[in-house]
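Novice: Sharing a structure here in structure tokens format.
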Amino acid sequence: MHTKTLKELSALLQSKQVSSTELTRHYLDRIDASGHNAFLHVDRELSLSQAAAADARIAAGTASALTGVPIAHKDIFVTRGWRTTAGSKMLQGYVSPFDATVVERLGAAGMVTLGKVNLDEFAMGSANENSAYGAVKNPWDATAVPGGSSGGSAAAIAARLAPAATATDTGGSIRQPAAFCGVTGIKPTYGRVSRFGMIAFASSLDQGGPIAQTAEDCALLLNDMIGFDERDSTSLTPEQGNKQEDFTRDLNQPLTGLRIGVPSEYFGEGLASDVEGAVRAALEQFVKLGATLVDISLPKTALSIPTYYIIAPAEASSNLSRFDGVRYGHRASEYKDLQDMYRKTRAEGFGSEVKRRIMVGTYVLCHGYYDAYYVQAQKIRRLIADDFQAALRDKCDVIMGPVAPTVAWDLGSKSNDPVANYLADIYTLSTSLAGLPGMSIPCGFGAGDKNGKRPVGLQIIGNYFAEARLLNIAHQYQQATDWHTRAPQGV
């Protein structure tokens, strides 16, 4: 059963060929036997009680398309009953009294929570090596990183430990791990998915989304994830375009006449030849499906790294100031006074990458540096968004290119070089800075290891609120290819 897609499992549940209890127990057994360190907290009794409730809904004829289907939640979304740690010692053992909106909505649809999955601490990282609870192993190659920060979500899907998972994307943290693990993930337009109950990293960038095997599965999940939430001040209203819609409606539309923008900046120095080869082959497949390739330029691409690593740490510095040992979370056991408690609590509770970003963010927000760094970065952010609009308005319908410059690297190979990790986000950061929707779909394998079995992802970027169009394009590609059906050995 674990080899089937979410759509296939939904059909089996609705036809009562399998019960949610049987399905949930099957996945829980697989999680117990897994060695990927993808899950941080599982509660078998709680999951099975949700499955029993889903079976009752199916029997009563009140089920929706997602009722009874198991899902894993990234441990950045707070959950009632399951621990929420954000991958940090700072929140070790914390259990929220309420569910995040994303968890609440998928629960209302009848999905069954399997547990909480691993991530880089407070979603800060590109390899899932920054978790306080150990690195996640890539199911395709246990010596490789799964990508980050949603590495646990992507690894769980690749290893078939869950048919669906929630994730978040601040600078590429849905798309990059989806690419490294050979699965499908989509980051919606900023503001379309509620951030309420999502532990904040960088508030103007964080966006939730799904990871699954296929574009069709992601479309089904988005149907219940997207929508205005009055509890989230950054949530877009229906008047702003954030309307409930059926993301499966256009999946089978032909791609004849589609104009695909190919940015020259995404195919220059630094792009590995094996990744380029797989991406170029995918672009040629789209030509066979009726699309046209158009050369475009996104000239501010190189500026996305310094811009992001000013804005994101600045917002992180502000957001993480709440973790001080006073109200909740870790508190140092020994201290002399209040200031000493703050210092020791944060020194003990935060990992090195989180401390690094807090220090950078605090620095750029200091008097005398705010105008020179933070304000300038926000101006460049607008120019980056303008580059995308010029291309999408005048030259192309969507933009395609690689998700990352290389396939997944070896565990530990970049642990002592933060800048090398930052540079790996060169193709994803600008999309996040602009607030545009983007997704990753499997398009082949690179030669990044001796077995040539590390996946390559194709990135598809669209204009604001173009999620249905992106899913249609991805679905048509997946109907014509089989990369999304490939699974790691032993799965």
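Here's how to read the names in the structure tokens: chain A, B, ... by the order shown, residue numbers from 1 in each chain, ligand numbers from 1 in the order shown.
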List as a list of chain:residue names the protein and nucleic acid residues near Ile358 (chain A), meaning an atom at most 8 Å away when only C-alpha atoms are counted, but skip any in the same chain fewer than 3 places from it.
Specialist: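 The contact residues come out as A:Pro313, A:Ala314, A:Ala316, A:Ser317, A:Leu320, A:Val354, A:Lys355, A:Gly361, A:Thr362.
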Novice: Can you pull out every residue from region 327-446 of chain A that DSSP, working from the backbone, puts in strand (DSSP E), and format the result as a list in words?
Specialist: Val398, Ile399, Met400, Gly401, Pro402, Gly438, Met439, Ser440, Ile441, Pro442, Cys443, Gly444, Phe445 and Gly446 of chain A
Novice: Write a file of the just-selected residues containing N, CA and C atoms, as a short mmCIF file (atom, residue, chain, number, x, y, z; two decimals), in the first residue's frame.
Specialist:
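Okay, part16.cif is ready:
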```cif
data_model
loop_
_atom_site.label_atom_id
_atom_site.label_comp_id
_atom_site.auth_asym_id
_atom_site.auth_seq_id
_atom_site.Cartn_x
_atom_site.Cartn_y
_atom_site.Cartn_z
N VAL A 398 5.74 30.86 -17.68
CA VAL A 398 6.39 30.30 -16.49
C VAL A 398 7.89 30.32 -16.71
N ILE A 399 8.63 30.11 -15.64
CA ILE A 399 10.09 30.07 -15.69
C ILE A 399 10.55 28.71 -15.18
N MET A 400 11.54 28.13 -15.86
CA MET A 400 12.05 26.83 -15.43
C MET A 400 13.57 26.83 -15.37
N GLY A 401 14.07 25.98 -14.50
CA GLY A 401 15.51 25.83 -14.36
C GLY A 401 15.81 24.82 -13.26
N PRO A 402 17.05 24.70 -12.85
CA PRO A 402 17.40 23.77 -11.78
C PRO A 402 16.92 24.30 -10.43
N GLY A 438 6.44 28.50 -6.48
CA GLY A 438 7.43 27.70 -7.20
C GLY A 438 7.33 26.26 -6.75
N MET A 439 7.73 25.37 -7.61
CA MET A 439 7.69 23.96 -7.22
C MET A 439 8.86 23.19 -7.80
N SER A 440 9.07 22.02 -7.24
CA SER A 440 10.13 21.12 -7.71
C SER A 440 9.50 19.78 -8.07
N ILE A 441 9.91 19.25 -9.22
CA ILE A 441 9.47 17.92 -9.62
C ILE A 441 10.70 17.11 -10.03
N PRO A 442 10.70 15.80 -9.80
CA PRO A 442 11.85 14.98 -10.18
C PRO A 442 12.02 14.94 -11.70
N CYS A 443 13.27 15.06 -12.16
CA CYS A 443 13.49 15.04 -13.61
C CYS A 443 14.71 14.20 -14.00
N GLY A 444 15.22 13.38 -13.09
CA GLY A 444 16.36 12.53 -13.44
C GLY A 444 17.28 12.32 -12.26
N PHE A 445 18.47 11.82 -12.58
CA PHE A 445 19.48 11.56 -11.56
C PHE A 445 20.81 12.12 -12.02
N GLY A 446 21.60 12.56 -11.05
CA GLY A 446 22.92 13.08 -11.35
C GLY A 446 23.99 12.05 -11.09
#
```
Novice: Between A:Asn37, A:Thr184, A:Thr113, A:Ser15, which is the closest to Ala51 (chain A) once you count only C-alpha atoms?
Specialist: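 Closest residue, counting only C-alpha atoms: A:Thr113.
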Novice: Could you give me the residues within region 92-194 of chain A that DSSP places in alpha helix (DSSP H), as a PyMOL selection string?
Specialist: chain A and resi 101-108+151-158+175-181
Novice: Selection from above, C-alpha atoms, as a JSON list (two decimals), in the first residue's frame, can you write it?
Specialist:
```json
[["chain", "number", "residue", "atom", "x", "y", "z"],
["A", 101, "THR", "CA", -4.21, 26.34, 11.02],
["A", 102, "VAL", "CA", -2.65, 24.04, 8.40],
["A", 103, "VAL", "CA", -2.89, 21.06, 10.78],
["A", 104, "GLU", "CA", -6.41, 22.07, 11.79],
["A", 105, "ARG", "CA", -7.65, 22.33, 8.21],
["A", 106, "LEU", "CA", -6.16, 19.03, 7.08],
["A", 107, "GLY", "CA", -7.51, 17.42, 10.24],
["A", 108, "ALA", "CA", -10.97, 18.81, 9.47],
["A", 151, "GLY", "CA", 14.43, 17.27, 4.94],
["A", 152, "GLY", "CA", 12.33, 15.11, 7.23],
["A", 153, "SER", "CA", 9.20, 15.77, 5.15],
["A", 154, "ALA", "CA", 10.93, 14.98, 1.85],
["A", 155, "ALA", "CA", 12.71, 11.89, 3.23],
["A", 156, "ALA", "CA", 9.45, 10.55, 4.66],
["A", 157, "ILE", "CA", 7.81, 10.74, 1.23],
["A", 158, "ALA", "CA", 10.82, 9.29, -0.62],
["A", 175, "ARG", "CA", 11.77, 22.83, -3.27],
["A", 176, "GLN", "CA", 15.39, 21.91, -2.45],
["A", 177, "PRO", "CA", 14.69, 18.86, -0.23],
["A", 178, "ALA", "CA", 12.02, 17.71, -2.69],
["A", 179, "ALA", "CA", 14.67, 17.87, -5.42],
["A", 180, "PHE", "CA", 17.32, 16.05, -3.36],
["A", 181, "CYS", "CA", 14.87, 13.27, -2.41]]
```
Novice: Restricting the calculation to only C-alpha atoms: of A:Leu258, A:Cys396, A:Ile186, A:Ile380, which residue gets closest to Glu467 (chain A)?
Specialist: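 Among A:Leu258, A:Cys396, A:Ile186, A:Ile380, it is A:Ile186 that comes nearest to Glu467 (chain A).
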Novice: Would you kindly return, as a ChimeraX atom specification, each protein, DNA or RNA residue with an atom no farther than 10 Å from any atom of Val287 (chain A), considering only C-alpha atoms and excluding same-chain residues fewer than 4 positions away?
Specialist: /A:255-260,281-283,291-293
Novice: Could you take the residues named above and write them with N, CA and C atoms, as a PDB file, in the first residue's frame?
Specialist:
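Result written to out_36.pdb:
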```pdb
ATOM      1  N   LEU A 255      -0.417  21.502 -22.995  1.00  0.00           N
ATOM      2  CA  LEU A 255       0.594  22.547 -22.833  1.00  0.00           C
ATOM      3  C   LEU A 255       0.923  23.255 -24.141  1.00  0.00           C
ATOM      4  N   THR A 256       0.140  23.011 -25.158  1.00  0.00           N
ATOM      5  CA  THR A 256       0.374  23.648 -26.457  1.00  0.00           C
ATOM      6  C   THR A 256       0.374  25.174 -26.316  1.00  0.00           C
ATOM      7  N   GLY A 257       1.445  25.788 -26.792  1.00  0.00           N
ATOM      8  CA  GLY A 257       1.551  27.244 -26.744  1.00  0.00           C
ATOM      9  C   GLY A 257       2.173  27.789 -25.469  1.00  0.00           C
ATOM     10  N   LEU A 258       2.466  26.927 -24.520  1.00  0.00           N
ATOM     11  CA  LEU A 258       3.079  27.390 -23.274  1.00  0.00           C
ATOM     12  C   LEU A 258       4.461  27.971 -23.551  1.00  0.00           C
ATOM     13  N   ARG A 259       4.724  29.166 -23.030  1.00  0.00           N
ATOM     14  CA  ARG A 259       6.031  29.802 -23.182  1.00  0.00           C
ATOM     15  C   ARG A 259       6.833  29.622 -21.896  1.00  0.00           C
ATOM     16  N   ILE A 260       7.947  28.927 -22.004  1.00  0.00           N
ATOM     17  CA  ILE A 260       8.789  28.639 -20.845  1.00  0.00           C
ATOM     18  C   ILE A 260      10.019  29.529 -20.882  1.00  0.00           C
ATOM     19  N   ALA A 281      17.223  18.063 -20.490  1.00  0.00           N
ATOM     20  CA  ALA A 281      16.400  16.970 -21.040  1.00  0.00           C
ATOM     21  C   ALA A 281      14.933  17.169 -20.682  1.00  0.00           C
ATOM     22  N   ALA A 282      14.673  17.655 -19.469  1.00  0.00           N
ATOM     23  CA  ALA A 282      13.294  17.919 -19.061  1.00  0.00           C
ATOM     24  C   ALA A 282      12.692  19.040 -19.902  1.00  0.00           C
ATOM     25  N   LEU A 283      13.477  20.062 -20.174  1.00  0.00           N
ATOM     26  CA  LEU A 283      12.985  21.160 -21.011  1.00  0.00           C
ATOM     27  C   LEU A 283      12.636  20.674 -22.414  1.00  0.00           C
ATOM     28  N   ALA A 291       5.267  22.999 -25.757  1.00  0.00           N
ATOM     29  CA  ALA A 291       5.745  24.273 -25.213  1.00  0.00           C
ATOM     30  C   ALA A 291       6.859  24.859 -26.069  1.00  0.00           C
ATOM     31  N   THR A 292       7.137  26.132 -25.847  1.00  0.00           N
ATOM     32  CA  THR A 292       8.217  26.841 -26.532  1.00  0.00           C
ATOM     33  C   THR A 292       9.188  27.385 -25.491  1.00  0.00           C
ATOM     34  N   LEU A 293      10.484  27.226 -25.730  1.00  0.00           N
ATOM     35  CA  LEU A 293      11.498  27.743 -24.823  1.00  0.00           C
ATOM     36  C   LEU A 293      11.884  29.158 -25.230  1.00  0.00           C
TER      37      LEU A 293
END
```
Novice: Counting only C-alpha atoms, which residue out of A:Cys366, A:Ala347, A:Leu236, A:Leu12 sits closest to Arg195 (chain A)?
Specialist: A:Leu236
Novice: Taking only C-alpha atoms into account, name the residue in A:Tyr427, A:Tyr370, A:Ala127, A:Thr170 that is nearest to Ser264 (chain A).
Specialist: A:Tyr427
Novice: Env of Glu216 (chain A): 12 Å cut, atoms = only C-alpha atoms, seq-sep filter 2 positions within chain, self excluded. Answer as a short mmCIF file (atom, residue, chain, number, x, y, z; two decimals) with N, CA and C atoms, in the first residue's frame.
Specialist:
```
data_model
loop_
_atom_site.label_atom_id
_atom_site.label_comp_id
_atom_site.auth_asym_id
_atom_site.auth_seq_id
_atom_site.Cartn_x
_atom_site.Cartn_y
_atom_site.Cartn_z
N THR A 5 0.08 6.35 -4.55
CA THR A 5 0.00 7.79 -4.36
C THR A 5 -1.16 8.13 -3.43
N LEU A 6 -1.19 9.37 -3.00
CA LEU A 6 -2.30 9.85 -2.17
C LEU A 6 -3.63 9.67 -2.91
N LYS A 7 -3.65 10.01 -4.19
CA LYS A 7 -4.88 9.87 -4.99
C LYS A 7 -5.34 8.42 -5.03
N GLU A 8 -4.42 7.50 -5.20
CA GLU A 8 -4.77 6.08 -5.25
C GLU A 8 -5.26 5.58 -3.90
N ALA A 164 1.96 11.78 2.27
CA ALA A 164 1.93 13.24 2.18
C ALA A 164 2.59 13.82 3.41
N THR A 184 7.90 15.48 -5.12
CA THR A 184 7.27 16.69 -5.62
C THR A 184 6.88 17.61 -4.47
N GLY A 185 7.19 18.90 -4.60
CA GLY A 185 6.81 19.86 -3.57
C GLY A 185 6.48 21.20 -4.19
N ILE A 186 5.56 21.94 -3.55
CA ILE A 186 5.19 23.24 -4.08
C ILE A 186 5.12 24.28 -2.97
N PRO A 210 2.81 21.69 0.60
CA PRO A 210 2.86 20.23 0.70
C PRO A 210 4.03 19.60 -0.06
N ILE A 211 4.42 18.42 0.39
CA ILE A 211 5.34 17.55 -0.34
C ILE A 211 4.65 16.20 -0.48
N ALA A 212 4.68 15.64 -1.68
CA ALA A 212 4.06 14.34 -1.95
C ALA A 212 4.77 13.70 -3.13
N GLN A 213 4.24 12.57 -3.59
CA GLN A 213 4.87 11.89 -4.72
C GLN A 213 4.60 12.60 -6.04
N THR A 214 3.41 13.16 -6.21
CA THR A 214 3.02 13.69 -7.51
C THR A 214 2.42 15.09 -7.41
N CYS A 218 -0.23 16.89 -4.63
CA CYS A 218 -0.05 18.24 -4.07
C CYS A 218 -1.28 19.10 -4.32
N ALA A 219 -1.91 18.94 -5.48
CA ALA A 219 -3.12 19.70 -5.78
C ALA A 219 -4.23 19.36 -4.80
N LEU A 220 -4.40 18.09 -4.51
CA LEU A 220 -5.43 17.67 -3.56
C LEU A 220 -5.17 18.24 -2.17
N LEU A 221 -3.92 18.28 -1.76
CA LEU A 221 -3.57 18.83 -0.45
C LEU A 221 -3.80 20.33 -0.40
N LEU A 222 -3.42 21.04 -1.46
CA LEU A 222 -3.60 22.49 -1.48
C LEU A 222 -5.06 22.89 -1.40
N ASN A 223 -5.95 22.04 -1.91
CA ASN A 223 -7.38 22.36 -1.84
C ASN A 223 -7.82 22.67 -0.42
N ASP A 246 -10.33 24.81 -6.71
CA ASP A 246 -10.02 23.41 -6.94
C ASP A 246 -8.75 23.34 -7.77
N PHE A 247 -7.65 22.96 -7.14
CA PHE A 247 -6.37 22.95 -7.83
C PHE A 247 -6.20 21.76 -8.76
N THR A 248 -7.18 20.86 -8.77
CA THR A 248 -7.12 19.73 -9.70
C THR A 248 -7.83 20.05 -11.02
N ARG A 249 -8.48 21.22 -11.10
CA ARG A 249 -9.39 21.48 -12.22
C ARG A 249 -8.70 21.53 -13.58
N ASP A 250 -7.45 21.99 -13.61
CA ASP A 250 -6.77 22.16 -14.90
C ASP A 250 -5.64 21.16 -15.12
N LEU A 251 -5.59 20.11 -14.34
CA LEU A 251 -4.45 19.20 -14.43
C LEU A 251 -4.29 18.59 -15.81
N ASN A 252 -5.38 18.38 -16.50
CA ASN A 252 -5.31 17.69 -17.79
C ASN A 252 -5.34 18.62 -19.01
N ILE A 441 9.91 19.25 -9.22
CA ILE A 441 9.47 17.92 -9.62
C ILE A 441 10.70 17.11 -10.03
N GLU A 467 -0.72 28.81 -8.93
CA GLU A 467 -0.47 27.45 -8.47
C GLU A 467 -1.15 26.40 -9.34
N ALA A 468 -2.39 26.64 -9.74
CA ALA A 468 -3.10 25.66 -10.57
C ALA A 468 -2.39 25.47 -11.91
N LEU A 470 0.89 25.88 -12.45
CA LEU A 470 2.12 25.13 -12.20
C LEU A 470 1.83 23.64 -12.02
N LEU A 471 0.76 23.34 -11.30
CA LEU A 471 0.41 21.94 -11.06
C LEU A 471 -0.01 21.25 -12.35
N ASN A 472 -0.70 21.98 -13.22
CA ASN A 472 -1.06 21.44 -14.54
C ASN A 472 0.19 21.10 -15.35
N ILE A 473 1.14 22.02 -15.36
CA ILE A 473 2.39 21.81 -16.12
C ILE A 473 3.16 20.62 -15.56
N ALA A 474 3.26 20.56 -14.24
CA ALA A 474 3.97 19.46 -13.60
C ALA A 474 3.27 18.12 -13.85
N HIS A 475 1.95 18.14 -13.78
CA HIS A 475 1.19 16.90 -13.98
C HIS A 475 1.36 16.39 -15.40
N GLN A 476 1.32 17.28 -16.38
CA GLN A 476 1.49 16.85 -17.76
C GLN A 476 2.87 16.24 -17.98
N TYR A 477 3.88 16.83 -17.36
CA TYR A 477 5.23 16.25 -17.45
C TYR A 477 5.27 14.87 -16.79
N GLN A 478 4.61 14.74 -15.66
CA GLN A 478 4.63 13.45 -14.96
C GLN A 478 3.79 12.40 -15.67
N GLN A 479 2.84 12.82 -16.49
CA GLN A 479 2.10 11.86 -17.31
C GLN A 479 2.96 11.32 -18.45
N HIS A 484 8.91 10.49 -11.28
CA HIS A 484 8.21 10.60 -10.00
C HIS A 484 7.78 9.26 -9.43
#
```
Novice: Quick one: residues within 7 Å of region 61-75 of chain A, only C-alpha atoms, excluding same-chain residues fewer than 5 positions away - as a PyMOL selection string?
Specialist: chain A and resi 9-10+13+20+24+51+54-55+84-87+109-119+150+153+162-167
Novice: What's the 10 Å shell around Ala144 (chain A), counting only C-alpha atoms, without same-chain residues fewer than 3 positions away, as JSON, numbers by chain?
Specialist: {"A": [127, 136, 137, 138, 139, 140, 141, 147, 180, 181, 407, 408, 409, 410, 411, 412, 413, 448, 449, 454]}
Novice: Go ahead and write the selection's residues with C-alpha atoms as a PDB file, in the first residue's frame.
Specialist:
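Dumped everything to part.pdb:
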```
ATOM      1  CA  ALA A 127      20.800  20.035   4.664  1.00  0.00           C
ATOM      2  CA  VAL A 136      18.074  12.969   8.493  1.00  0.00           C
ATOM      3  CA  LYS A 137      19.500  10.458   6.010  1.00  0.00           C
ATOM      4  CA  ASN A 138      18.556  10.675   2.346  1.00  0.00           C
ATOM      5  CA  PRO A 139      16.597   7.494   1.437  1.00  0.00           C
ATOM      6  CA  TRP A 140      18.356   7.344  -1.934  1.00  0.00           C
ATOM      7  CA  ASP A 141      21.792   7.297  -0.322  1.00  0.00           C
ATOM      8  CA  GLY A 147      18.167  18.826   1.874  1.00  0.00           C
ATOM      9  CA  PHE A 180      17.317  16.055  -3.356  1.00  0.00           C
ATOM     10  CA  CYS A 181      14.875  13.271  -2.408  1.00  0.00           C
ATOM     11  CA  VAL A 407      22.708  16.939  -6.385  1.00  0.00           C
ATOM     12  CA  ALA A 408      22.646  16.219  -2.642  1.00  0.00           C
ATOM     13  CA  TRP A 409      26.087  16.418  -1.064  1.00  0.00           C
ATOM     14  CA  ASP A 410      27.613  14.033   1.461  1.00  0.00           C
ATOM     15  CA  LEU A 411      26.591  14.276   5.090  1.00  0.00           C
ATOM     16  CA  GLY A 412      29.095  16.414   6.971  1.00  0.00           C
ATOM     17  CA  SER A 413      30.922  17.654   3.882  1.00  0.00           C
ATOM     18  CA  GLY A 448      27.042  13.164  -7.819  1.00  0.00           C
ATOM     19  CA  ASP A 449      27.863   9.807  -6.280  1.00  0.00           C
ATOM     20  CA  ARG A 454      21.030  11.091  -6.339  1.00  0.00           C
TER      21      ARG A 454
END
```
Novice: What is the CA of Ser131 (chain A) to CA of Lys89 (chain A) distance in Å?
Specialist: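 CA of Ser131 (chain A) sits 9.0 Å away from CA of Lys89 (chain A).
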Novice: When you look at Gly197 (chain A) with a cut-off of 7 Å (counting only C-alpha atoms), what residues show up, excluding the ones that are within fewer than 3 positions of it in the same chain? I need them as a PyMOL selection string.
Specialist: chain A and resi 77-78+99-101
Novice: Please dump the current selection as a PDB file, in the first residue's frame; keep N, CA and C atoms.
Specialist:
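Dumped everything to out-v4.pdb:
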```
ATOM      1  N   PHE A  77       5.154  23.136  12.712  1.00  0.00           N
ATOM      2  CA  PHE A  77       3.733  23.397  12.925  1.00  0.00           C
ATOM      3  C   PHE A  77       3.341  22.863  14.296  1.00  0.00           C
ATOM      4  N   VAL A  78       2.744  23.711  15.121  1.00  0.00           N
ATOM      5  CA  VAL A  78       2.341  23.243  16.440  1.00  0.00           C
ATOM      6  C   VAL A  78       1.163  22.283  16.318  1.00  0.00           C
ATOM      7  N   ASP A  99      -3.744  23.458  17.610  1.00  0.00           N
ATOM      8  CA  ASP A  99      -3.177  23.077  16.316  1.00  0.00           C
ATOM      9  C   ASP A  99      -2.919  24.311  15.462  1.00  0.00           C
ATOM     10  N   ALA A 100      -1.853  24.261  14.656  1.00  0.00           N
ATOM     11  CA  ALA A 100      -1.649  25.271  13.618  1.00  0.00           C
ATOM     12  C   ALA A 100      -2.818  25.207  12.641  1.00  0.00           C
ATOM     13  N   THR A 101      -3.092  26.314  11.964  1.00  0.00           N
ATOM     14  CA  THR A 101      -4.205  26.339  11.016  1.00  0.00           C
ATOM     15  C   THR A 101      -4.073  25.267   9.950  1.00  0.00           C
TER      16      THR A 101
END
```
Novice: From the options A:Pro455, A:Ile460, A:Arg357, A:Gln240, which residue's atoms come nearest to Phe228 (chain A), counting only C-alpha atoms?
Specialist: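 Going through A:Pro455, A:Ile460, A:Arg357, A:Gln240 one by one, the smallest distance to Phe228 (chain A) is for A:Gln240.
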Novice: Report, in Å to a single decimal, how far apart CA of Glu121 (chain A) and CA of Ser194 (chain A) are.
Specialist: 20.7 Å
Novice: Find the residue from A:Asp274, A:Glu265, A:Glu334, A:Asp425 that sits nearest to Gly125 (chain A); use only C-alpha atoms when measuring.
Specialist: A:Asp425
